[in-house]
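To keep things clear, I will list the structure first and then write my remarks on it.
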Amino acid sequence: MKKNLGSLLALYPMPVTVIGAMNDDKPTWTLVAHVGIIGHDRVLVSLAAPHFINSVIKKSNKLSINMVNEDILPEADYSGSVSGVKTDKSNLFEYETGEKGTPVIKAAPLTMECSVVDVYNTPNFESFICTIDNTYAEEKYIDDNGKIDYNILKPVLFEFPTYQYIKTGEVMSKCLSFKKNPNEE
């Protein structure tokens with residue numbers, strides 16, 4: 001029998017990202033693991049309402065989502081441990097400006113440049129609904145078919161109940177490969 005854990009958010013682990021936005025002429029960054037897909041043409045970035053970066057994002061209606069791998073994890077973790085109100089995080093990452101004007105972390109294996117089309121508010125959180133304008137990936141993470149190879153990229157995952165980072169694992173099978181009901185003979 002399963003035990004009822006109550007109203008527990010249990011959709012973990014989640015990919016670790018660093019959200020970037022231009023604060024006038026310099027970037028600011030913050031660690032975010034509450035990102036998600038809400039359609040094939042929209043993503044959601046959920047931030048606690050008091051975050052400094054929220055007001056920066058609302059000014060331009062643009063942000064970058066920078067995927068974190070093990071190489072940039074120390075800087076990514078630090079970006080989430082200090083407030084942009086008290087600490088200038090503009091020099092934390094070497095960056096370039098994407099075609100839509102968002103800061104793109106050079107060392108991030110993958111970056112999506114996004115435009116905010118809506119903000120969904122819940123108690124203490126602001127969730128930015130975004131379109132994806134551009135996706136940038138290092139060539140070493142792109143396979144022969146032009147697709148991102150996450151087995152090579154190896155994004156870091158975040159698991160909330162224990163507050164830990166997790167390495168991605170091994171491939172179990174191809175999606176939609178079980179063509180027959182395993183419970184039928």
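By order in the structure tokens, chains are A, B, ...; within a chain, residues start at 1; ligands start at 1, following the order shown.
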
Using only C-alpha atoms, find each residue in segment 10-52 of chain A having at least one atom no more than 10 Å away from segment 75-84 of chain A; report its shortest atom-to-atom pair and that distance in Å (one decimal), rows by chain then rising number, as a Markdown table.
| residue | atom | partner | partner_atom | distance |
| --- | --- | --- | --- | --- |
| A:Val16 | CA | A:Ala76 | CA | 8.5 |
| A:Thr17 | CA | A:Ala76 | CA | 7.7 |
| A:Val18 | CA | A:Ala76 | CA | 6.2 |
| A:Ile19 | CA | A:Ser79 | CA | 9.4 |
| A:Thr28 | CA | A:Gly84 | CA | 7.0 |
| A:Trp29 | CA | A:Ser79 | CA | 6.1 |
| A:Thr30 | CA | A:Ser79 | CA | 4.9 |
| A:Leu31 | CA | A:Gly80 | CA | 4.4 |
| A:Val32 | CA | A:Gly80 | CA | 7.5 |
| A:Pro50 | CA | A:Ser83 | CA | 9.8 |
| A:His51 | CA | A:Ser83 | CA | 7.4 |
| A:Phe52 | CA | A:Gly84 | CA | 5.6 |

Long-range neighbours of segment 124-127 of chain A as a list of chain:residue names, 10 Å cut-off, only C-alpha atoms, 5 positions minimum in chain: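 My list of contacting residues is A:His34, A:Val35, A:Val43, A:Leu44, A:Val45, A:Ser46, A:Leu47, A:Ala48, A:Ala49, A:Pro50, A:His51, A:Asn54, A:Val116, A:Asp118, A:Val119.
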
DSSP strand (DSSP E or B) residues within segment 83-162 of chain A, as a PyMOL selection string: chain A and resi 95-97+103-105+110-122+125-137+142+148+157-159

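Neighbours of Val117 of chain A closer than or equal to 9 Å, with only C-alpha atoms counted and sequence neighbours fewer than 3 positions away skipped, come out as Asn61, Phe128, Ile129, Cys130 and Thr131 of chain A.
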
Show me, as an mmCIF file with N, CA, C and O atoms, in the first residue's frame, the residues that have an atom within 8 Å of Phe158 of chain A when counting only C-alpha atoms, minus same-chain residues fewer than 6 positions from it.
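Generated output (out.cif):
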data_model
loop_
_atom_site.group_PDB
_atom_site.id
_atom_site.type_symbol
_atom_site.label_atom_id
_atom_site.label_comp_id
_atom_site.auth_asym_id
_atom_site.auth_seq_id
_atom_site.Cartn_x
_atom_site.Cartn_y
_atom_site.Cartn_z
ATOM 1 N N TYR A 12 10.700 15.552 -9.164
ATOM 2 C CA TYR A 12 12.150 15.725 -9.191
ATOM 3 C C TYR A 12 12.790 14.427 -9.616
ATOM 4 O O TYR A 12 12.194 13.372 -9.451
ATOM 5 N N PRO A 13 13.998 14.451 -10.167
ATOM 6 C CA PRO A 13 14.903 15.584 -10.317
ATOM 7 C C PRO A 13 14.549 16.454 -11.528
ATOM 8 O O PRO A 13 13.843 16.016 -12.431
ATOM 9 N N MET A 14 15.077 17.684 -11.510
ATOM 10 C CA MET A 14 14.864 18.674 -12.565
ATOM 11 C C MET A 14 16.220 19.132 -13.085
ATOM 12 O O MET A 14 17.204 19.140 -12.346
ATOM 13 N N PRO A 15 16.287 19.580 -14.354
ATOM 14 C CA PRO A 15 17.568 20.084 -14.851
ATOM 15 C C PRO A 15 17.961 21.383 -14.150
ATOM 16 O O PRO A 15 17.114 22.220 -13.848
ATOM 17 N N VAL A 16 19.236 21.539 -13.904
ATOM 18 C CA VAL A 16 19.765 22.748 -13.287
ATOM 19 C C VAL A 16 20.101 23.729 -14.405
ATOM 20 O O VAL A 16 20.746 23.365 -15.391
ATOM 21 N N ALA A 33 16.166 25.674 -10.894
ATOM 22 C CA ALA A 33 15.855 24.298 -11.281
ATOM 23 C C ALA A 33 14.369 24.133 -11.590
ATOM 24 O O ALA A 33 13.963 23.084 -12.062
ATOM 25 N N GLN A 164 20.153 18.072 -3.365
ATOM 26 C CA GLN A 164 21.380 17.524 -3.919
ATOM 27 C C GLN A 164 21.395 17.658 -5.437
ATOM 28 O O GLN A 164 20.345 17.662 -6.084
ATOM 29 N N TYR A 165 22.606 17.713 -5.994
ATOM 30 C CA TYR A 165 22.801 17.655 -7.437
ATOM 31 C C TYR A 165 23.067 16.207 -7.813
ATOM 32 O O TYR A 165 23.751 15.486 -7.091
ATOM 33 N N ILE A 166 22.543 15.811 -8.970
ATOM 34 C CA ILE A 166 22.655 14.432 -9.431
ATOM 35 C C ILE A 166 23.209 14.437 -10.854
ATOM 36 O O ILE A 166 22.802 15.260 -11.681
#

Picked from segment 57-165 of chain A by DSSP as helix (DSSP H, G or I), as an MDAnalysis selection string: chainID A and resid 57:60 70:81 139:141 150:153
